[in-house]
Structures are given as structure tokens and as C-alpha cells.
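Novice: Input: one structure, supplied below.
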Amino acid sequence: MASYPISPHPRDEPQKISDVASLQTAASRPHISARNRFLFFLVAWLIVLMPFLFWWNTWFGRHLSDTQISEYLSDNKHPRHIQHALVQLGERMERHDPSAAAWYPELLRLVSHPVEEVRNTDAWLMGLDTSYEGFHAALLKMLKDSSTVVQGNAALSLVRFGDGSGRAQIVALLQPARIVAPSAGRVVDVDRIGTSIHQGGLIAKLRAGHNPTDVRSPISGRIRTLSIAKGASLAAGTEIATVDPGVEQIWEALRALYLIGQVADLPLIRIYQRDSPEIPDRIRQQAVLTEKAIRERAAHRP
């Protein structure tokens, strides 16, 4: 009878060797200490928490109590707190909540606030209650504000009072904003033509010696022209760019001119009637309606 050599290892030895190797590999892996695990989870938690805290502190929709509104309106060190309170107050005014009237003297005080964004929001709020005569007088003063954006918002709010005193400022809202160098310097960075930009968005950076200057857009819209190039030296007052107004600004201006516009405004209004991919249908339609209303008013004037 034939005989077969006997293996020196039992049949399951390869499996045992594999198991031992796995145990050795597991044992050789670095062990994470409890302290390191704690630090890992802490960092992960902070990654989630920090954006939430930023959102919580900057979101104007977060409800404020009456006490918080009063505190925020007086917080001159944090302009965003003032804006938050103003937005919350605006919601009450839109609901015709009589409690909002308690803060009307604060709105009049903020007309001269040094921060443009605060004055701009303030001008918008004062158009929400045309029964308060103090707002009418304050808005007339804001037509001479140093900011063209504040002037425009004040003019739009005056239309709610049936006052067309800000017509020139409203017409200006349909035109490109001209941006000039606030000081002399060398251009170290500049954006591109056609770029969409928000109000306060950076258009160019200038440097004079060690002093940097940021040039920002006063309106939301799109960069139409650029008159500078990187590396160029500029004198103060040199034109840097023009920015076409954004859709919402055009929309509000056309609606206001529907009520107070004059025949002299028609050439500018017709620009927004043209068939262009850059002009939304609702803008074209409003421009047509605005021209029609202006012509009808002109026809009925003696």
C-alpha cells in the first residue's frame, strides 16, 4: 500500500499562524490615550460649534426681547447689534405693532450715526410708518447724507409719504456708481470686469508706503468698467471703476418712479426695457409700466 508523507504541521496550522499575525499587528498599532481622544473630540466639536456661534451672533432673524432691543440700539461699539435691533423693530412696524413706537426717538437719533449701514437701515425703517411726522422731517435731512446709498433709501422712503423730493436720488439709483481712489497709492490688487459684487465688496487694494487702503463698492451689482491696472500709481480722486446697480435696487427705483417719475427720466428708464440676458423679465415689465404711468401723468397736466 502506498504511503504519503505526513505534514509536519496539523491541517489548521496556517489559520493559527494567520490569527497570531493579526494579533501581533493589532498589538503593534499605536494606542490613542484618553487625553488625545478628548482633544480629538474637542477639536471636532469646536469645528461644529464655531460656525453656529458666528451664525447665532450675526443672524438678524434671532428674536430679541424688548430689553435686548433697547440694549442693542444703544450699543455703539457693535454696529451689527444696532442693525439686528433695527431689523427686529422693522418686523414689528410691518405688522403695525403699536409697541414699536416706543423706539421711534431712537430711530431719529440714529440718523446721524457714524456707520453707513446703520443709517441705511434706519432710512428704510422710517418709511414703514408714514403716520409719524418726525420720520418725514428726518428723511428730508437724509437726502443730503454723505452716502449716496443712504440718500437713495431715504428718497425711496419719502415716496411712501407721497413726497417726491428725492426724485433725483432715485434716478441716480438706476445709474452706475462711480468709484474713485480715496487716497493716493499704488494698486496692489484689483478685481475683474463683469464680477458680481455685494455692497461693501472689495474692488481694489492700494498701498502708500506701509499704509494699505481697501476700495469697496458702495452698492451691490456688477463691475462695469475698470480704469486701473495692478502696479499703477494713482492720485486721490482718480476713477477706479464703475459698478452697475443690482436687480433689487433697479426694481425699487423703477417702482418709485412709477409714482413720481417725470418725462425727463424716460431715456434712463428705457435702458431697462431692452431685450438683454442681463435684464430680468420683471425689470423690463416694470420699466414699461413706469414709462406708461409717467406719460399718463404728463398728458393730464395742464
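Just remember, in the C-alpha cells the first chain shown is A, the second B, etc., residues are 1-based per chain, and ligands are 1-based in the order shown.
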Would you kindly return, as a ChimeraX atom specification, each protein, DNA or RNA residue with an atom no farther than 9 Å from any atom of region 65-81 of chain A, considering only C-alpha atoms and excluding same-chain residues fewer than 2 positions away?
Specialist: /A:57-58,60,63,83-86,88-89,103,106-107,110,113,115,117-118
Novice: I need the chosen residues saved as a PDB file, in the first residue's frame, with C-alpha atoms.
Specialist:
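The result, written out as again26.pdb:
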```pdb
ATOM      1  CA  ASN A  57     -24.343  86.314  16.633  1.00  0.00           C
ATOM      2  CA  THR A  58     -24.801  87.640  13.085  1.00  0.00           C
ATOM      3  CA  PHE A  60     -30.696  89.230  12.288  1.00  0.00           C
ATOM      4  CA  HIS A  63     -35.668  87.049  18.272  1.00  0.00           C
ATOM      5  CA  GLN A  83     -28.715  96.646  12.840  1.00  0.00           C
ATOM      6  CA  HIS A  84     -30.082  93.488  14.458  1.00  0.00           C
ATOM      7  CA  ALA A  85     -32.364  95.550  16.691  1.00  0.00           C
ATOM      8  CA  LEU A  86     -33.450  97.692  13.735  1.00  0.00           C
ATOM      9  CA  GLN A  88     -36.396  93.230  14.556  1.00  0.00           C
ATOM     10  CA  LEU A  89     -38.069  96.591  15.040  1.00  0.00           C
ATOM     11  CA  TRP A 103     -38.305 103.211  19.994  1.00  0.00           C
ATOM     12  CA  GLU A 106     -34.052 106.081  18.905  1.00  0.00           C
ATOM     13  CA  LEU A 107     -34.613 105.896  15.148  1.00  0.00           C
ATOM     14  CA  LEU A 110     -29.571 107.080  14.621  1.00  0.00           C
ATOM     15  CA  HIS A 113     -24.863 107.524  13.398  1.00  0.00           C
ATOM     16  CA  VAL A 115     -21.747 103.861  10.430  1.00  0.00           C
ATOM     17  CA  GLU A 117     -25.021 100.573   7.241  1.00  0.00           C
ATOM     18  CA  VAL A 118     -26.848 101.733  10.368  1.00  0.00           C
TER      19      VAL A 118
END
```
Novice: Please provide as a compact mmCIF listing (two decimals) with all heavy atoms, in the first residue's frame all residues within 8 Å of Val180 (chain A), with the sequence filter that same-chain residues fewer than 2 positions apart are discarded (counting only C-alpha atoms).
Specialist:
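Result saved to part_33.txt:
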```txt
# COMPACT_ATOMS: atom_id res chain seq x y z
N ARG A 178 -19.99 105.46 -9.59
CA ARG A 178 -18.60 105.80 -9.95
C ARG A 178 -17.74 105.72 -8.69
O ARG A 178 -18.06 106.34 -7.67
CB ARG A 178 -18.55 107.20 -10.55
CG ARG A 178 -17.16 107.65 -10.97
CD ARG A 178 -17.25 108.98 -11.73
NE ARG A 178 -15.92 109.51 -12.01
CZ ARG A 178 -15.28 110.37 -11.24
NH1 ARG A 178 -15.87 110.81 -10.11
NH2 ARG A 178 -14.08 110.80 -11.57
N PRO A 182 -9.79 106.85 -2.75
CA PRO A 182 -9.93 107.74 -1.60
C PRO A 182 -8.64 108.44 -1.21
O PRO A 182 -8.65 109.45 -0.52
CB PRO A 182 -10.40 106.80 -0.49
CG PRO A 182 -9.86 105.46 -0.89
CD PRO A 182 -9.89 105.43 -2.38
N ALA A 236 -5.20 110.69 -5.51
CA ALA A 236 -6.51 110.69 -4.84
C ALA A 236 -7.56 111.29 -5.78
O ALA A 236 -7.32 112.28 -6.46
CB ALA A 236 -6.43 111.52 -3.56
N GLY A 237 -8.71 110.65 -5.84
CA GLY A 237 -9.78 111.12 -6.70
C GLY A 237 -9.80 110.51 -8.08
O GLY A 237 -10.73 110.75 -8.85
N THR A 238 -8.78 109.70 -8.41
CA THR A 238 -8.75 109.04 -9.72
C THR A 238 -9.87 108.00 -9.81
O THR A 238 -10.08 107.22 -8.88
CB THR A 238 -7.40 108.34 -9.94
OG1 THR A 238 -6.35 109.29 -9.84
CG2 THR A 238 -7.34 107.67 -11.30
N GLU A 239 -10.58 107.97 -10.94
CA GLU A 239 -11.63 106.97 -11.10
C GLU A 239 -11.02 105.58 -11.17
O GLU A 239 -10.07 105.33 -11.92
CB GLU A 239 -12.45 107.23 -12.36
CG GLU A 239 -13.58 106.22 -12.55
CD GLU A 239 -14.50 106.53 -13.71
OE1 GLU A 239 -15.10 107.63 -13.72
OE2 GLU A 239 -14.61 105.67 -14.61
N ILE A 240 -11.57 104.67 -10.39
CA ILE A 240 -11.08 103.29 -10.34
C ILE A 240 -12.01 102.37 -11.12
O ILE A 240 -11.56 101.52 -11.89
CB ILE A 240 -10.97 102.81 -8.88
CG1 ILE A 240 -9.80 103.53 -8.20
CG2 ILE A 240 -10.81 101.30 -8.79
CD1 ILE A 240 -9.64 103.17 -6.75
N ALA A 241 -13.32 102.53 -10.92
CA ALA A 241 -14.26 101.61 -11.55
C ALA A 241 -15.65 102.23 -11.56
O ALA A 241 -15.92 103.23 -10.90
CB ALA A 241 -14.29 100.29 -10.79
```
Novice: List as a PyMOL selection string the protein and nucleic acid residues near Gly164 (chain A), meaning an atom at most 8 Å away when only C-alpha atoms are counted, but skip any in the same chain fewer than 4 places from it.
Specialist: chain A and resi 155+158-159+260
Novice: What are the closest atom pairs, with distances in Å to one decimal, for all residues of region 218-279 of chain A lying within 10 Å of region 186-199 of chain A? Consider only C-alpha atoms, order rows by chain and residue number, and present the result as CSV.
Specialist:
```
residue,atom,partner,partner_atom,distance
A:Pro218,CA,A:Gln199,CA,5.4
A:Ile219,CA,A:Gln199,CA,4.3
A:Ser220,CA,A:His198,CA,4.1
A:Gly221,CA,A:Ile197,CA,5.5
A:Arg222,CA,A:Ser196,CA,4.3
A:Ile223,CA,A:Gly194,CA,5.0
A:Arg224,CA,A:Ile193,CA,5.8
A:Thr225,CA,A:Ile193,CA,5.9
A:Leu226,CA,A:Ile193,CA,6.4
A:Ile228,CA,A:Val187,CA,7.8
A:Ala229,CA,A:Val187,CA,7.0
A:Lys230,CA,A:Val187,CA,5.1
A:Gly231,CA,A:Val187,CA,5.0
A:Ala232,CA,A:Val187,CA,5.4
A:Ser233,CA,A:Arg186,CA,4.2
A:Leu234,CA,A:Arg186,CA,6.1
A:Ala235,CA,A:Arg186,CA,9.0
A:Ile240,CA,A:Val190,CA,9.4
A:Ala241,CA,A:Ile193,CA,8.9
A:Thr242,CA,A:Ile193,CA,9.5
A:Val243,CA,A:Ile197,CA,8.6
A:Asp244,CA,A:Ser196,CA,9.5
A:Pro245,CA,A:Ile197,CA,9.9
A:Gly246,CA,A:His198,CA,8.8
```
Novice: Just give me the gap between CA of Ala256 (chain A) and CA of Thr148 (chain A) in Å, one decimal is fine.
Specialist: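 Here the two named atoms are 16.6 Å from each other.
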Novice: List every residue of region 73-105 of chain A that DSSP, applied to the backbone of this structure, assigns to helix (DSSP H, G or I), and report them as number ranges by chain.
Specialist: A: 73, 79-94, 98-105
Novice: Between CA of Met126 (chain A) and CA of Ser157 (chain A), measure the distance and give it in Å to one decimal.
Specialist: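 So the two atoms, CA of Met126 (chain A) and CA of Ser157 (chain A), lie 6.8 Å apart.
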Novice: Hey, what's within 12 Å of Ala298 (chain A) if we count only C-alpha atoms and toss same-chain stuff fewer than 6 positions away? As an MDAnalysis selection string, please?
Specialist: chainID A and resid 260:264 266 291:292
